$ cat model.pdb   # PDB, C-alpha atoms
MODEL        1
ATOM      1  CA  ASP S 317      61.939  96.924 112.266
ATOM      2  CA  ALA S 318      65.680  97.171 112.871
ATOM      3  CA  LEU S 319      66.263  99.408 109.849
ATOM      4  CA  ALA S 320      63.893 102.086 111.175
ATOM      5  CA  SER S 321      66.304 102.953 113.985
ATOM      6  CA  MET S 322      69.551 104.686 113.004
ATOM      7  CA  LYS S 323      71.357 103.161 115.998
ATOM      8  CA  ALA S 324      70.239  99.643 115.064
ATOM      9  CA  ARG S 325      71.116 100.250 111.430
ATOM     10  CA  MET S 326      74.652 101.348 112.404
ATOM     11  CA  LYS S 327      75.123  98.223 114.546
ATOM     12  CA  LEU S 328      73.957  95.996 111.694
ATOM     13  CA  GLU S 329      76.218  97.785 109.223
ATOM     14  CA  GLU S 330      79.214  97.375 111.524
ATOM     15  CA  ALA S 331      78.486  93.646 111.944
ATOM     16  CA  ALA S 332      78.070  93.230 108.164
ATOM     17  CA  THR S 333      81.359  95.029 107.482
ATOM     18  CA  LYS S 334      83.206  92.768 109.909
ATOM     19  CA  VAL S 335      81.693  89.663 108.295
ATOM     20  CA  LYS S 336      82.574  90.929 104.796
ATOM     21  CA  LYS S 337      86.200  91.452 105.819
ATOM     22  CA  THR S 338      86.391  88.085 107.551
ATOM     23  CA  LEU S 339      84.895  86.255 104.566
ATOM     24  CA  SER S 340      87.668  87.676 102.395
ATOM     25  CA  SER S 341      90.072  85.216 103.975
ATOM     26  CA  VAL S 342      87.978  82.364 105.460
ATOM     27  CA  ASP S 343      84.949  80.314 104.376
ATOM     28  CA  GLU S 344      82.699  81.057 107.360
ATOM     29  CA  ALA S 345      82.201  83.974 109.740
ATOM     30  CA  LYS S 346      80.013  84.788 112.719
ATOM     31  CA  ALA S 347      77.969  87.983 112.699
ATOM     32  CA  THR S 348      77.196  89.435 116.110
ATOM     33  CA  ALA S 349      75.608  92.655 117.321
ATOM     34  CA  GLU S 350      74.314  93.283 120.821
ATOM     35  CA  CYS S 351      71.053  95.080 121.627
ATOM     36  CA  VAL S 352      70.119  95.716 118.012
ATOM     37  CA  VAL S 353      66.475  96.380 118.818
ATOM     38  CA  GLU S 354      65.540  96.787 122.473
ATOM     39  CA  ASP S 355      67.060  93.724 124.167
ATOM     40  CA  PHE S 356      67.406  91.548 121.074
ATOM     41  CA  ASP S 357      70.896  90.508 119.957
ATOM     42  CA  LEU S 358      72.003  89.359 116.523
ATOM     43  CA  SER S 359      74.101  86.252 116.173
ATOM     44  CA  CYS S 360      74.357  84.140 113.032
ATOM     45  CA  ASP S 361      76.854  82.215 110.946
ATOM     46  CA  VAL S 362      77.508  83.363 107.393
ATOM     47  CA  LYS S 363      79.141  81.111 104.809
ATOM     48  CA  ARG S 364      81.136  82.564 101.941
ATOM     49  CA  VAL S 365      79.205  80.452  99.410
ATOM     50  CA  VAL S 366      75.873  81.927 100.536
ATOM     51  CA  PHE S 367      77.351  85.425 100.687
ATOM     52  CA  GLU S 368      78.645  85.124  97.124
ATOM     53  CA  GLU S 369      75.306  83.750  95.869
ATOM     54  CA  ARG S 370      73.516  86.774  97.302
ATOM     55  CA  CYS S 371      76.118  89.128  95.822
ATOM     56  CA  ALA S 372      75.961  87.569  92.317
ATOM     57  CA  PRO S 373      73.736  90.339  90.872
ATOM     58  CA  MET S 374      76.266  92.920  92.053
ATOM     59  CA  ALA S 375      79.081  91.100  90.219
ATOM     60  CA  GLU S 376      77.266  91.766  86.945
ATOM     61  CA  ARG S 377      76.932  95.431  87.910
ATOM     62  CA  VAL S 378      80.677  95.631  88.676
ATOM     63  CA  GLN S 379      81.473  94.257  85.230
ATOM     64  CA  ALA S 380      79.016  96.678  83.603
ATOM     65  CA  VAL S 381      80.628  99.649  85.371
ATOM     66  CA  VAL S 382      84.108  98.581  84.216
ATOM     67  CA  ALA S 383      82.854  98.130  80.645
ATOM     68  CA  LYS S 384      81.227 101.591  80.738
ATOM     69  CA  ALA S 385      84.406 103.198  82.143
ATOM     70  CA  LEU S 386      86.591 101.542  79.500
ATOM     71  CA  GLY S 387      84.155 102.665  76.809
ATOM     72  CA  ALA S 388      84.102 106.245  78.128
ATOM     73  CA  ALA S 389      87.900 106.292  78.100
ATOM     74  CA  ASP S 390      87.953 104.721  74.616
ATOM     75  CA  VAL S 391      90.303 102.022  75.931
ATOM     76  CA  LYS S 392      90.146  98.270  75.462
ATOM     77  CA  ALA S 393      90.971  95.927  78.350
ATOM     78  CA  GLU S 394      93.718  94.264  76.307
ATOM     79  CA  ASP S 395      95.414  97.647  75.792
ATOM     80  CA  LEU S 396      96.109  97.987  79.529
ATOM     81  CA  THR S 397      99.498  96.873  80.812
ATOM     82  CA  ASN S 398      98.562  96.744  84.495
ATOM     83  CA  VAL S 399      95.373  96.890  86.537
ATOM     84  CA  GLU S 400      95.760  98.131  90.110
ATOM     85  CA  VAL S 401      92.686  97.839  92.323
ATOM     86  CA  LEU S 402      92.410  99.349  95.749
ATOM     87  CA  GLY S 403      89.876  99.857  98.470
ATOM     88  CA  GLY S 404      88.164  97.573 100.945
ATOM     89  CA  ALA S 405      85.975  95.808  98.389
ATOM     90  CA  SER S 406      88.960  94.890  96.221
ATOM     91  CA  ARG S 407      89.943  92.221  98.766
ATOM     92  CA  ILE S 408      86.638  90.341  98.428
ATOM     93  CA  PRO S 409      87.070  87.204  96.287
ATOM     94  CA  TRP S 410      83.862  87.646  94.215
ATOM     95  CA  VAL S 411      84.789  91.277  93.470
ATOM     96  CA  GLN S 412      88.246  90.170  92.341
ATOM     97  CA  ARG S 413      86.705  87.518  90.072
ATOM     98  CA  ALA S 414      84.245  90.027  88.580
ATOM     99  CA  LEU S 415      87.026  92.538  87.928
ATOM    100  CA  ARG S 416      89.320  89.871  86.496
ATOM    101  CA  GLU S 417      86.565  88.824  84.055
ATOM    102  CA  ALA S 418      85.806  92.458  83.171
ATOM    103  CA  PHE S 419      89.473  93.010  82.316
ATOM    104  CA  GLY S 420      89.661  89.937  80.083
ATOM    105  CA  GLY S 421      91.156  87.494  82.607
ATOM    106  CA  ARG S 422      94.078  89.777  83.448
ATOM    107  CA  GLU S 423      95.654  89.338  86.882
ATOM    108  CA  LEU S 424      94.900  92.198  89.228
ATOM    109  CA  SER S 425      97.491  93.965  91.334
ATOM    110  CA  THR S 426      96.565  94.969  94.887
ATOM    111  CA  THR S 427      99.933  96.245  96.062
ATOM    112  CA  LEU S 428      98.905  99.818  96.913
ATOM    113  CA  ASN S 429      96.662 100.988  99.684
ATOM    114  CA  ALA S 430      94.383 103.967  99.060
ATOM    115  CA  ASP S 431      96.655 106.511 100.769
ATOM    116  CA  GLU S 432      99.695 105.405  98.771
ATOM    117  CA  ALA S 433      97.742 105.545  95.509
ATOM    118  CA  VAL S 434      96.561 109.095  96.142
ATOM    119  CA  ALA S 435     100.039 110.222  97.196
ATOM    120  CA  ARG S 436     101.671 108.589  94.171
ATOM    121  CA  GLY S 437      99.139 110.124  91.792
ATOM    122  CA  CYS S 438      99.660 113.556  93.326
ATOM    123  CA  ALA S 439     103.444 113.223  93.056
ATOM    124  CA  TRP S 440     103.227 112.227  89.369
ATOM    125  CA  GLN S 441     100.826 115.067  88.595
ATOM    126  CA  ALA S 442     103.033 117.605  90.394
ATOM    127  CA  ALA S 443     106.108 116.354  88.531
ATOM    128  CA  MET S 444     104.309 116.631  85.174
ATOM    129  CA  LEU S 445     103.241 120.210  85.941
ATOM    130  CA  SER S 446     106.626 121.262  87.324
ATOM    131  CA  THR S 447     109.049 123.300  85.253
ATOM    132  CA  LEU S 448     111.952 121.998  87.363
ATOM    133  CA  VAL S 449     111.456 118.288  86.638
ATOM    134  CA  ARG S 450     111.650 116.773  83.161
ATOM    135  CA  LEU S 451     109.370 113.823  82.545
ATOM    136  CA  ASP S 452     108.114 112.141  79.458
ATOM    137  CA  PRO S 453     104.407 112.871  79.180
ATOM    138  CA  ILE S 454     102.350 110.283  81.039
ATOM    139  CA  PRO S 455      98.802 109.826  79.786
ATOM    140  CA  VAL S 456      96.336 110.298  82.620
ATOM    141  CA  LEU S 457      92.827 109.036  82.002
ATOM    142  CA  GLN S 458      90.133 109.944  84.475
ATOM    143  CA  CYS S 459      86.797 108.252  83.966
ATOM    144  CA  GLY S 460      85.239 108.715  87.383
ATOM    145  CA  GLY S 461      81.860 110.348  87.717
ATOM    146  CA  ILE S 462      82.890 112.173  90.872
ATOM    147  CA  ARG S 463      84.103 115.733  90.473
ATOM    148  CA  VAL S 464      87.096 116.778  92.527
ATOM    149  CA  ALA S 465      87.855 120.379  93.404
ATOM    150  CA  LEU S 466      91.350 121.413  94.453
ATOM    151  CA  GLU S 467      92.205 124.541  96.360
ATOM    152  CA  TRP S 468      95.511 125.709  97.775
ATOM    153  CA  GLU S 469      96.932 128.659  99.580
ATOM    154  CA  ASP S 470      99.263 131.177  97.991
ATOM    155  CA  SER S 471     102.421 129.171  97.261
ATOM    156  CA  GLU S 472     104.662 131.983  98.530
ATOM    157  CA  ASN S 473     103.310 131.532 102.047
ATOM    158  CA  VAL S 474     103.455 127.746 102.211
ATOM    159  CA  GLU S 475     106.482 126.175 103.890
ATOM    160  CA  ALA S 476     107.997 123.140 102.227
TER     161      ALA S 476
ENDMDL
END
$ encode --input "model.pdb" --output "structure tokens"
Amino acid sequence: DALASMKARMKLEEAATKVKKTLSSVDEAKATAECVVEDFDLSCDVKRVVFEERCAPMAERVQAVVAKALGAADVKAEDLTNVEVLGGASRIPWVQRALREAFGGRELSTTLNADEAVARGCAWQAAMLSTLVRLDPIPVLQCGGIRVALEWEDSENVEA
């Protein structure tokens, strides 16, 4: 049982991640992992069509999550002017299709990477809170189920 061993599980997860990334741009990929269990190696070919068939139930879950988030925010997909998706999964073709359908056929933008998105959001939030910068109010909707806690040191002691 390869999943019983943490080391084997990590090797399998690494191989699966590589295949997932490769299948984002090509139709077939080779999964390999050496010494998964004892002296047994893993080597197999994975086709995008088969991968997408096996991921089909997750596409429905992606659409359900988007619908729930839009409902929680009391926003309709057609009210959005732009949809920016980021993260590793956003490059996978079936995820893009599921998101596109969930947002009513709207084209998705993938121009930001995760670090840029966080930095841009922080800059906008700081500008909105600043008394030195004048901005028109920008509506910020947060629908995530993950709580975020922010802490900072005394601003008098922080160098700019």
$ residues_around --input "model.pdb" --residues "region 413-423 of chain S" --least-positions-apart "3" --cutoff "10 Å" --atoms "only C-alpha atoms" --output "ChimeraX atom specification"
/S:372,374-383,386,392-401,406,408-410,426
$ write_last_selection --input "model.pdb" --atoms "C-alpha atoms" --output "PDB file, in the frame of the given file"
ATOM      1  CA  ALA S 372      75.961  87.569  92.317  1.00  0.00           C
ATOM      2  CA  MET S 374      76.266  92.920  92.053  1.00  0.00           C
ATOM      3  CA  ALA S 375      79.081  91.100  90.219  1.00  0.00           C
ATOM      4  CA  GLU S 376      77.266  91.766  86.945  1.00  0.00           C
ATOM      5  CA  ARG S 377      76.932  95.431  87.910  1.00  0.00           C
ATOM      6  CA  VAL S 378      80.677  95.631  88.676  1.00  0.00           C
ATOM      7  CA  GLN S 379      81.473  94.257  85.230  1.00  0.00           C
ATOM      8  CA  ALA S 380      79.016  96.678  83.603  1.00  0.00           C
ATOM      9  CA  VAL S 381      80.628  99.649  85.371  1.00  0.00           C
ATOM     10  CA  VAL S 382      84.108  98.581  84.216  1.00  0.00           C
ATOM     11  CA  ALA S 383      82.854  98.130  80.645  1.00  0.00           C
ATOM     12  CA  LEU S 386      86.591 101.542  79.500  1.00  0.00           C
ATOM     13  CA  LYS S 392      90.146  98.270  75.462  1.00  0.00           C
ATOM     14  CA  ALA S 393      90.971  95.927  78.350  1.00  0.00           C
ATOM     15  CA  GLU S 394      93.718  94.264  76.307  1.00  0.00           C
ATOM     16  CA  ASP S 395      95.414  97.647  75.792  1.00  0.00           C
ATOM     17  CA  LEU S 396      96.109  97.987  79.529  1.00  0.00           C
ATOM     18  CA  THR S 397      99.498  96.873  80.812  1.00  0.00           C
ATOM     19  CA  ASN S 398      98.562  96.744  84.495  1.00  0.00           C
ATOM     20  CA  VAL S 399      95.373  96.890  86.537  1.00  0.00           C
ATOM     21  CA  GLU S 400      95.760  98.131  90.110  1.00  0.00           C
ATOM     22  CA  VAL S 401      92.686  97.839  92.323  1.00  0.00           C
ATOM     23  CA  SER S 406      88.960  94.890  96.221  1.00  0.00           C
ATOM     24  CA  ILE S 408      86.638  90.341  98.428  1.00  0.00           C
ATOM     25  CA  PRO S 409      87.070  87.204  96.287  1.00  0.00           C
ATOM     26  CA  TRP S 410      83.862  87.646  94.215  1.00  0.00           C
ATOM     27  CA  THR S 426      96.565  94.969  94.887  1.00  0.00           C
TER      28      THR S 426
END
$ atom_distance --input "model.pdb" --atom1 "CA of Ala324 (chain S)" --atom2 "CA of Val352 (chain S)"
4.9 Å
$ resolve_selection --input "model.pdb" --expression "the PyMOL selection byres ((chain S and resi 330-339) around 8)" --output "ChimeraX atom specification"
/S:326-329,340-349,362-364,408
$ resolve_selection --input "model.pdb" --expression "the PyMOL selection byres ((chain S and resi 437-442) around 12)" --output "PyMOL selection string"
chain S and resi 428+430-436+443-458+466
$ write_last_selection --input "model.pdb" --atoms "C-alpha atoms" --output "compact mmCIF listing (two decimals), keeping the file's coordinate frame"
# COMPACT_ATOMS: atom_id res chain seq x y z
CA LEU S 428 98.90 99.82 96.91
CA ALA S 430 94.38 103.97 99.06
CA ASP S 431 96.66 106.51 100.77
CA GLU S 432 99.70 105.40 98.77
CA ALA S 433 97.74 105.54 95.51
CA VAL S 434 96.56 109.10 96.14
CA ALA S 435 100.04 110.22 97.20
CA ARG S 436 101.67 108.59 94.17
CA ALA S 443 106.11 116.35 88.53
CA MET S 444 104.31 116.63 85.17
CA LEU S 445 103.24 120.21 85.94
CA SER S 446 106.63 121.26 87.32
CA THR S 447 109.05 123.30 85.25
CA LEU S 448 111.95 122.00 87.36
CA VAL S 449 111.46 118.29 86.64
CA ARG S 450 111.65 116.77 83.16
CA LEU S 451 109.37 113.82 82.54
CA ASP S 452 108.11 112.14 79.46
CA PRO S 453 104.41 112.87 79.18
CA ILE S 454 102.35 110.28 81.04
CA PRO S 455 98.80 109.83 79.79
CA VAL S 456 96.34 110.30 82.62
CA LEU S 457 92.83 109.04 82.00
CA GLN S 458 90.13 109.94 84.48
CA LEU S 466 91.35 121.41 94.45
$ atom_distance --input "model.pdb" --atom1 "CA of Asp357 (chain S)" --atom2 "CA of Ala318 (chain S)"
11.0 Å
$ atom_distance --input "model.pdb" --atom1 "CA of Leu402 (chain S)" --atom2 "CA of Ala388 (chain S)"
20.7 Å
$ axis_aligned_box --input "model.pdb" --around "region 404-419 of chain S" --padding-each-side "5 Å" --output "AutoDock Vina command-line options"
--center_x 86.9 --center_y 92.4 --center_z 91.6 --size_x 16.1 --size_y 20.4 --size_z 28.6
